[in-house]
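Participant: Structure in structure tokens, see below.
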Amino acid sequence: MNQKDYLSLIRDWRDVIFHTVFVKKGEALELPMLLEVHGNQTFLASPDPVGLRAALTDFEAPENADLFIKPVPLKELARNAYMLGAWLSWLGEEVIMNESLMSFLGMKAIGKNRRGDDCLYESEVLSLQQSGVDGTEAMKAQKWRVSAISGGEVSGTPEVMLVYEDERGLLLSEDTTLIDSVKGRSQLLPEEQALFDHWNQPVYDFSALATLSDENSSTEIEDSYKPESSMVSIELLASFFDLERAVNNQVMPDCKRLQLEVVEGKAVSDRDDDSDADMLWVEARKYQIRFMDHPDWLLPLGGSGLPVEDFSEQINLPSEVGSYPMPDSLRCHLVRHIAWVLFWTGRDPGEPLSLVPGQFYPAIPFRPDNLKRLFVPNYHNPHFPFLASMACGPHKLPVLVHGEVPEGYVCEALERRDVMAGDLPRGIPGRDSLLINGSVPFASMCWSLVVPVEAIEFPETWYQGARTSNTQLLADFRHFLKERAAIDKANAGKQQAGDSTGAGKVLLTCVSLVVLMALLIVMLSP
């Protein structure tokens, strides 16, 4: 800003994630917290989530509401702030972004025109009144100023155009005296359509606070949760049941809103083949959950996938690629699985939620590291999974117990830790196969194992005491689902580009062969 390098400001800052203080009231209403600064309503945010969590202790939540932190791109915060007449306060840096800067970051963007040249796009959101068959209705439209960029600076006279949503109608009349052109959304480039859609998104609805009551907010989402018994003493589970209820109702409430998707994958075969020292990669099936109400969410299961050769009658999962209705038994199993993972990771209220891409692999059949056969989770047994500790000498390793086999409990390590051989519980099957340089690297090289039942304990303090609020845990988990969906979309784009490149290489090779043959014929002809 001081150097007046406004184009770099747009390029470098619009997509930066700002962790923002939100207020949740009831089950459905989530809005940024507003604080008055110099007489202006202001959002509170920072790129540093840890520092922002520490600052939360200085703020008091409104009555019957929860404070939590939600990651939001700066362009989205700026757009909302500008449209609502608010500012943005960067906590920890004493930076106040006023209405002018909110307009700059929220309503301007850099994109490419049809010639592939960089241009500066500036939008003004309009509401055009169209007279239709059923009377007057508003049509979504925007007034754009598109300026050329040359030598790192905006140059020339901007083109002023009126862009409107033409899927539901036709723009019949409009005063275009000061407009260079009128275009429907369908006439825009894909990148321009994305800008149009971004600027057309609804803004935060603070007016809903005036009409919302605790009575009607609690019934907006139907409570379909039924607490089930667990291996943990029920007297210790009050906090867990609250979190499990929230996951059930707010993330995975209904099988009709979920879809089980099966995609192709590659996994390492466990077949013994002494003739080949290299890993044997075989065809596999990967599973992921799609959310009908949230296309930008994705919950992947099972890491690299389940080898097709492992499918048998005991595996009650589809083996063919495609989309399937979500089985309710799997939904309930995942609700408990997600709730326990969030419950454990939320034990430190000052730390952000930490999840890894393969976090939920034990939801589908898998091979524990010390068991030479497949373990198939029982989706109809509500006792599993559950949180417990595995005694490792003087230490306790947090584990999620996913089921029981004749050799003991099937456990997943929840923390990265190296445990010396002498501290391992006695009677672990295949103990020596787990050791690397005299210790077991849990949650890095060893993720799952079978342990004797007597090695599992239930420390009461693990199920009680202060922890991150359920509102914050669910907000962080939704962000995790969005990240998984974004990565999946990016990988799909790379694969498509790779396939296209491969086809192009094949075509080029064929053409080259034809040309070579033609040259040979010419050279050999008399």
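In the structure tokens, each chain is lettered A, B, ... as it comes, each chain's residues begin at 1, and ligands are numbered from 1 in order of appearance.
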Just list the residues in region 55-105 of chain A DSSP gives alpha helix (DSSP H) on the backbone, as a PyMOL selection string.

Facilitator: chain A and resi 55+74-84+99-105

Participant: Residues at most 9 Å from Asn200 (chain A), counting only C-alpha atoms, excluding those fewer than 3 positions away in the same chain, as a VMD selection string?

Facilitator: chain A and resid 125 140 to 142 195 to 197 203

Participant: Please report, as JSON lines, each residue of region 382-495 of chain A lying at most 8 Å from region 239-251 of chain A, together with the nearest pair of atoms and the separation in Å rounded to one decimal; use only C-alpha atoms, and order rows by chain and ascending residue number.

Facilitator:
{"residue": "A:Tyr463", "atom": "CA", "partner": "A:Phe240", "partner_atom": "CA", "distance": 7.5}
{"residue": "A:Gln464", "atom": "CA", "partner": "A:Ser239", "partner_atom": "CA", "distance": 7.2}
{"residue": "A:Asn470", "atom": "CA", "partner": "A:Leu243", "partner_atom": "CA", "distance": 5.9}
{"residue": "A:Leu474", "atom": "CA", "partner": "A:Val247", "partner_atom": "CA", "distance": 7.4}

Participant: Separation of CA of Ser354 (chain A) and CA of Ala65 (chain A), in Å?

Facilitator: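 Computed distance, CA of Ser354 (chain A) to CA of Ala65 (chain A), equals 24.7 Å.
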
Participant: Give me every strand (DSSP E) residue in region 293-429 of chain A, going by DSSP on the backbone, as a VMD selection string.

Facilitator: chain A and resid 294 to 307 322 to 325 386 to 392 395 to 405 408 to 413 417 to 420

Participant: For the residues in that selection, give me C-alpha atoms as a CSV table (one decimal), in the first residue's frame.

Facilitator:
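Output file again-v8.csv follows:
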chain,number,residue,atom,x,y,z
A,294,HIS,CA,-22.1,-29.2,0.1
A,295,PRO,CA,-20.5,-29.9,-3.2
A,296,ASP,CA,-17.3,-28.3,-1.9
A,297,TRP,CA,-16.9,-31.0,0.8
A,298,LEU,CA,-15.2,-34.4,0.4
A,299,LEU,CA,-14.3,-37.1,3.0
A,300,PRO,CA,-11.8,-39.6,1.6
A,301,LEU,CA,-11.6,-43.1,3.2
A,302,GLY,CA,-9.0,-45.8,3.0
A,303,GLY,CA,-5.8,-44.2,1.8
A,304,SER,CA,-4.6,-45.8,-1.5
A,305,GLY,CA,-7.7,-48.1,-1.4
A,306,LEU,CA,-8.7,-51.7,-1.0
A,307,PRO,CA,-7.1,-54.2,-3.5
A,322,GLY,CA,-19.6,-45.4,-9.4
A,323,SER,CA,-21.8,-43.6,-7.0
A,324,TYR,CA,-24.0,-45.4,-4.5
A,325,PRO,CA,-26.6,-44.6,-1.8
A,386,PHE,CA,-13.7,-46.0,21.0
A,387,LEU,CA,-10.9,-43.9,22.5
A,388,ALA,CA,-8.5,-45.6,24.9
A,389,SER,CA,-4.8,-45.8,25.8
A,390,MET,CA,-2.3,-48.5,25.3
A,391,ALA,CA,0.2,-48.9,28.1
A,392,CYS,CA,3.7,-48.4,26.8
A,395,HIS,CA,3.7,-43.7,28.9
A,396,LYS,CA,0.2,-44.0,27.5
A,397,LEU,CA,-0.3,-44.0,23.8
A,398,PRO,CA,-3.7,-42.8,22.6
A,399,VAL,CA,-5.4,-45.2,20.3
A,400,LEU,CA,-8.7,-45.6,18.6
A,401,VAL,CA,-9.9,-49.2,19.0
A,402,HIS,CA,-11.7,-50.3,15.8
A,403,GLY,CA,-12.7,-53.9,16.7
A,404,GLU,CA,-11.7,-57.2,18.2
A,405,VAL,CA,-10.1,-60.3,16.7
A,408,GLY,CA,-6.9,-58.9,20.7
A,409,TYR,CA,-8.1,-55.3,19.9
A,410,VAL,CA,-7.4,-53.7,16.5
A,411,CYS,CA,-6.0,-50.3,17.3
A,412,GLU,CA,-5.0,-47.1,15.4
A,413,ALA,CA,-2.3,-44.9,16.9
A,417,ARG,CA,5.7,-41.4,19.0
A,418,ASP,CA,8.7,-43.8,19.1
A,419,VAL,CA,8.2,-46.5,21.7
A,420,MET,CA,11.2,-48.6,22.7

Participant: Counting only C-alpha atoms, what is within 8 Å of Lys70 (chain A), bar same-chain residues fewer than 2 positions away, as a compact mmCIF listing (two decimals) with C-alpha atoms, in the first residue's frame?

Facilitator:
# COMPACT_ATOMS: atom_id res chain seq x y z
CA HIS A 19 -8.79 -16.83 10.25
CA THR A 20 -11.86 -14.93 11.36
CA VAL A 21 -13.75 -14.75 14.64
CA PHE A 22 -17.27 -16.09 14.05
CA PHE A 68 -15.13 -19.99 17.01
CA VAL A 72 -11.97 -17.39 5.01
CA GLN A 472 -14.80 -24.72 16.71
CA ALA A 475 -15.74 -25.42 11.79
CA ASP A 476 -12.19 -26.82 11.53
CA HIS A 479 -12.38 -26.66 6.47

Participant: In Å, how far is it from CA of Glu460 (chain A) to CA of His333 (chain A)?

Facilitator: 23.5 Å

Participant: Which of these, A:Trp144, A:Trp90, A:Tyr204, A:Trp462, has the shortest distance to Leu52 (chain A) once you count only C-alpha atoms?

Facilitator: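 Once distances to Leu52 (chain A) are computed over only C-alpha atoms, the minimum belongs to A:Trp90.
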
Participant: Between CA of Ile149 (chain A) and CA of Lys4 (chain A), what is the distance, to one decimal in Å?

Facilitator: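 Spanning CA of Ile149 (chain A) to CA of Lys4 (chain A) is a straight-line distance of 15.4 Å.
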
Participant: Would you kindly return, as a VMD selection string, each protein, DNA or RNA residue with an atom no farther than 9 Å from any atom of Pro377 (chain A), considering only C-alpha atoms and excluding same-chain residues fewer than 5 positions away?

Facilitator: chain A and resid 362 to 366 384 402 to 403

Participant: Those same residues, written as a PDB file, in the first residue's frame with N, CA and C atoms?

Facilitator:
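Result went into result.pdb, see below:
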ATOM      1  N   PRO A 362      -9.250 -46.428   8.588  1.00  0.00           N
ATOM      2  CA  PRO A 362      -9.800 -47.646   9.198  1.00  0.00           C
ATOM      3  C   PRO A 362     -11.313 -47.778   9.050  1.00  0.00           C
ATOM      4  N   ALA A 363     -11.963 -46.844   8.379  1.00  0.00           N
ATOM      5  CA  ALA A 363     -13.406 -46.977   8.176  1.00  0.00           C
ATOM      6  C   ALA A 363     -13.723 -48.053   7.142  1.00  0.00           C
ATOM      7  N   ILE A 364     -12.740 -48.446   6.321  1.00  0.00           N
ATOM      8  CA  ILE A 364     -12.945 -49.537   5.369  1.00  0.00           C
ATOM      9  C   ILE A 364     -12.000 -50.674   5.763  1.00  0.00           C
ATOM     10  N   PRO A 365     -12.172 -51.871   5.230  1.00  0.00           N
ATOM     11  CA  PRO A 365     -11.275 -52.990   5.585  1.00  0.00           C
ATOM     12  C   PRO A 365      -9.804 -52.635   5.345  1.00  0.00           C
ATOM     13  N   PHE A 366      -8.935 -53.093   6.251  1.00  0.00           N
ATOM     14  CA  PHE A 366      -7.507 -52.805   6.140  1.00  0.00           C
ATOM     15  C   PHE A 366      -6.724 -53.921   6.840  1.00  0.00           C
ATOM     16  N   PHE A 384     -17.783 -49.926  18.725  1.00  0.00           N
ATOM     17  CA  PHE A 384     -16.539 -49.512  18.072  1.00  0.00           C
ATOM     18  C   PHE A 384     -16.828 -48.426  17.047  1.00  0.00           C
ATOM     19  N   HIS A 402     -10.776 -50.154  16.877  1.00  0.00           N
ATOM     20  CA  HIS A 402     -11.750 -50.307  15.795  1.00  0.00           C
ATOM     21  C   HIS A 402     -12.470 -51.642  15.797  1.00  0.00           C
ATOM     22  N   GLY A 403     -12.044 -52.575  16.622  1.00  0.00           N
ATOM     23  CA  GLY A 403     -12.720 -53.861  16.660  1.00  0.00           C
ATOM     24  C   GLY A 403     -11.906 -54.877  17.412  1.00  0.00           C
TER      25      GLY A 403
END

Participant: Nearest to Pro202 (chain A): which of A:Ser329, A:Met83, A:Ala421, A:Pro47 is it, counting only C-alpha atoms?

Facilitator: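 Among A:Ser329, A:Met83, A:Ala421, A:Pro47, it is A:Met83 that comes nearest to Pro202 (chain A).
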